[in-house]
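The structure appears right after this line, and notes come after that.
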Amino acid sequence: MSTSQARLSQYFSSQSSSSPRKRGIDVIDLTDDDPSSKKPKRDVNPKTTQWRFDPQIAIDQVDSSGSESKKARHEAFKKKLLLENNSLFINKPSGTRDSDLVEDERASDSESDRELKKSNKNISYSSEKRRNTATTNARRADIGPSGKSYTPLEKQILRLKEENPGTVLMVEVGYKFKFFGEDAKVAATELGVACYPDRNFLVAFIPCERRHIHLKNLLSRGHRVGIVNQIETAALKKISDNKNAVFERKLTHLFTAATFVDELDSIDDRQSVNPPTFLCIVENTKSSTNEKDVNIALISISPSTGDVVWDDFSDTTTRLELQARLAHMKPSEILSLRGGLTKPTERMLRHVVQSSTETGKVRSETFSTLMSYTDAFSFISNYYTSKASNRSGELMAMISGFSRRVVIAIAHTIKYLSTYNLADALATKFFSKFTSQSHMVLTANTLNNLEIFQNATDGSTRGTLFSLLNLTQTKFGARLLRRWVAQPLIDKDTLQERVDAVEEIISSSSEILVTLRQILRKLPDLARGLCRIQYNQCIPKELAVLFSAFEKIAKPFEPFNEISHVGFRSRLLNEIIFALPTLRPAVKEIIGAIHTAEALKGNKVGLWTDSDKYPKIEETAMALQAVEVDLLDKLKSSKDPIMLLI
């Protein structure tokens, strides 16, 4: 035995003899070469023996208990483990009773079993915590910024705003139109109405009778406005199954300044002379490495008058050609490819957008992907086939004559205006080119320096050349004069014809001209009225006014056999007067088909004179009468005093 081992053994021996042994710890003689050959001395102290683990005793107990008890306990532990985790179902061991398993489970409740219970408890707690968190988050989603829960109306507003991003919503609530949240701030800023907090939203409102005025003010400031109407009445909702739910509302109209076609009796002078126009621009660079020289295609349309103007031209670094066209067209809304324009063009358009026009601020819209020529041509063909099937061949023949860029611009214009139900404005063959050999194109600098349409002081029309020349009696006459001033004639023969007509109008005392002046002075805006018919926006009262106006034009003059029989020296005057009586057959047929008196009352049911020609109208009217009778019966049986008053 080594010296170190002997010293270590002596140390433990001395410690053992000098102090009593604690907690039943046995002394192992490290000097023995085979310590395992000797059994450790057992502590005879009963208190320490009770809690001390003795491997030999444990082995003896296992040997004496037999394998059956061990297997039963093992199976019971397995079943307990698996059942508590709800993962599998374990059958009982054959020949084992439930009572035996219960006793064995109790016997096997060791430290590992307690750890398992603790783990399962933690799992249950985690699952419960996740459920509580989800519930809390759901509750938080129903809580607004004020700490109060969202009302059904507020939830409806949130959904409408999510469905219509970037749109100011005018929401019909009872007898008012309300603005919520950021829209209320816009209304307060642009309209000067009061804005106040109400639960989770800022709210502003306007009375229903002034909604049209406020709508036009918002549009003129460059906003896109959506009208949200209640599509349920209070009386019907009172007796419906969802009487306790919020009124159903939906977006019924969507407008921008360029896509808003005002009513026929509007007296808004901002749109009478120079109505808002929509412009789509498509640009191609002549070289992939040079942004200076480009080819540009434009489509300009005025939905209020139906005028469609196109152009395709080349431009240089300064973009003077583009600037001139923008100065003449005065767009209220510009559509272009997002990120698809050169920097000089972007700068030019940015300058236009940041400045105000005669009709208000300019709005900018973009699309993400430019159509190919093939896709654009196919898109236009499908549209014309569905909208103007009897003239689709004629229209497509006209489209085929345009450049590829113009065709692509027309396709994107149709696609965009379809959102506002105004694409029908392009279902026409009356496309006019901006430039022609008979007209001069005044540059933007010329228009500004000579103050032809806007003065240099405040940008209004006061004191301008056009304001001095404009003595017209009709709105469509003022628009025609503006076009003539903006694009002076340079063709000598055409210019002389116009001069001759003006001289004869001034000097002649013909009864025909006197009668014509009286008729024209009281006419409504015929161009706007025809456009409202084309867009299905015309109400019965407007129909009656329009048809009466055309009848006034057609009746005073008897048909002429030849143009020369009219009797004027001016060829232009003879052609104009000769054409007026030719309207008689068409006007007579249309007016004979409607009851003018009922149309003036706004009665759609009694509008048509021949009910057999439109049987669906009669069927619908009878169905409505049946519903009204049923509704009145229910109202009479109601005990609600308010309902009895309806």
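Chain labels follow the order of the structure tokens: the first chain is A, the next B, and so on; residue numbering restarts at 1 in every chain, and ligands are counted from 1 in their shown order.
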Closest atom pairs, residues of segment 539-573 of chain A within 10 Å of segment 531-535 of chain A, only C-alpha atoms, as JSON lines:
{"residue": "A:Ile539", "atom": "CA", "partner": "A:Ile533", "partner_atom": "CA", "distance": 8.5}
{"residue": "A:Glu542", "atom": "CA", "partner": "A:Arg532", "partner_atom": "CA", "distance": 9.1}
{"residue": "A:Leu543", "atom": "CA", "partner": "A:Ile533", "partner_atom": "CA", "distance": 8.1}
{"residue": "A:Leu546", "atom": "CA", "partner": "A:Ile533", "partner_atom": "CA", "distance": 10.0}
Quick one: pick out all strand (DSSP E or B) residues within segment 414-641 of chain A from a backbone DSSP run and write them as a ChimeraX atom specification. /A:431-433,439,489,594,608
Within 12 Å of Tyr175 of chain A, counting only C-alpha atoms, which residues show up once you throw out same-chain ones fewer than 3 positions away? Write them as a list in words, please.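 In the requested form, the answer reads Val171, Glu172, Lys178, Phe205, Ile206, Pro207, Cys208, Glu209, Arg210, Arg211, Asn229, Gln230, Thr233 and Ala234 of chain A.
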Which residues come within 10 Å of Lys216 of chain A, counting only C-alpha atoms, excluding same-chain residues fewer than 2 positions away, as a ChimeraX atom specification? /A:211-214,218-221,223,225,255-257,260,262,268
Set the distance at 7 Å and use only C-alpha atoms: which residues neighbour Ala409 of chain A once local chain neighbours fewer than 4 positions away are removed? I'd like the list as a list in words.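 In the requested format, the answer is Cys280, Ile281, Val282, Leu298, Ile299, Arg405 and Thr413 of chain A.
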Dump of N, CA and C atoms for the selected residues, as a short mmCIF file (atom, residue, chain, number, x, y, z; two decimals), in the first residue's frame:
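Final file, part.cif:
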data_model
loop_
_atom_site.label_atom_id
_atom_site.label_comp_id
_atom_site.auth_asym_id
_atom_site.auth_seq_id
_atom_site.Cartn_x
_atom_site.Cartn_y
_atom_site.Cartn_z
N CYS A 280 -55.00 60.66 -69.57
CA CYS A 280 -54.14 59.48 -69.44
C CYS A 280 -52.92 59.68 -70.33
N ILE A 281 -51.73 59.42 -69.77
CA ILE A 281 -50.48 59.64 -70.49
C ILE A 281 -49.67 58.35 -70.54
N VAL A 282 -49.16 58.04 -71.73
CA VAL A 282 -48.29 56.88 -71.95
C VAL A 282 -47.05 57.38 -72.67
N LEU A 298 -51.45 60.82 -75.52
CA LEU A 298 -52.40 61.38 -74.56
C LEU A 298 -53.82 61.05 -74.98
N ILE A 299 -54.65 60.77 -73.98
CA ILE A 299 -56.10 60.68 -74.17
C ILE A 299 -56.74 61.61 -73.14
N ARG A 405 -49.25 53.46 -78.91
CA ARG A 405 -49.30 54.15 -77.62
C ARG A 405 -50.70 54.69 -77.34
N THR A 413 -57.64 54.01 -70.03
CA THR A 413 -58.69 54.98 -69.70
C THR A 413 -60.03 54.29 -69.51
#
Which residues come within 12 Å of segment 323-327 of chain A, counting only C-alpha atoms, excluding same-chain residues fewer than 3 positions away, as number ranges by chain? A: 277-281, 296-300, 309-313, 315-320, 330-334, 344-353, 355-358, 362, 433-435, 440-448, 452-454, 486-487
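Residues surrounding Thr464 of chain A within 12 Å are Leu447, Asn448, Asn449, Leu450, Glu451, Ile452, Phe453, Gln454, Asn455, Ala456, Thr457, Asp458, Gly459, Ser460, Thr461, Arg462, Phe466, Ser467, Leu468, Leu469, Asn470, Arg482 and Val485 of chain A [only C-alpha atoms; sequence separation below 2 positions excluded].
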Distance criterion (only C-alpha atoms): nearest to Val587 of chain A out of A:Glu551, A:Asp610, A:Asp142, A:Glu163: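 The answer is A:Glu551, which sits nearest to Val587 of chain A.
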Nearest residue to Phe547 of chain A from the set A:Gly592, A:Gly174, A:Gly393, A:Gly567 (distances using only C-alpha atoms):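 The answer is A:Gly592, which sits nearest to Phe547 of chain A.
Our summary of the geometry notes that atom CA of Ala194 of chain A is positioned 21.9 Å from atom CA of Gly166 of chain A.
Shortest atom-to-atom contact with Leu520 of chain A among A:Ile553, A:Leu580, A:Ala586, A:Ala599: A:Ile553, counting only C-alpha atoms.
Proximity of A:Leu624, A:Leu153, A:Val406, A:Leu395 to Val246 of chain A, computed with only C-alpha atoms, is greatest for A:Leu153.
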Report the residues of segment 327-367 of chain A whose backbone DSSP state falls under helix (DSSP H, G or I), written as a PyMOL selection string. chain A and resi 327-329+343-354
Using C-alpha atoms, can you write the selected residues to a file as a compact mmCIF listing (two decimals), in the first residue's frame?
# COMPACT_ATOMS: atom_id res chain seq x y z
CA ALA A 327 -51.99 74.18 -70.60
CA HIS A 328 -54.79 73.70 -73.15
CA MET A 329 -56.38 70.56 -71.70
CA LYS A 343 -37.71 62.30 -64.88
CA PRO A 344 -38.35 65.38 -67.07
CA THR A 345 -41.94 64.23 -67.64
CA GLU A 346 -42.42 63.53 -63.95
CA ARG A 347 -41.18 67.01 -63.08
CA MET A 348 -43.59 68.55 -65.56
CA LEU A 349 -46.57 66.59 -64.21
CA ARG A 350 -45.55 67.32 -60.62
CA HIS A 351 -45.61 71.01 -61.39
CA VAL A 352 -49.12 70.67 -62.81
CA VAL A 353 -50.37 68.64 -59.84
CA GLN A 354 -48.97 71.11 -57.31
I'd like the interatomic distance between atom CA of Ser149 of chain A and atom CA of Asn200 of chain A, to a tenth of an Å.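 Here the two named atoms are 8.1 Å from each other.
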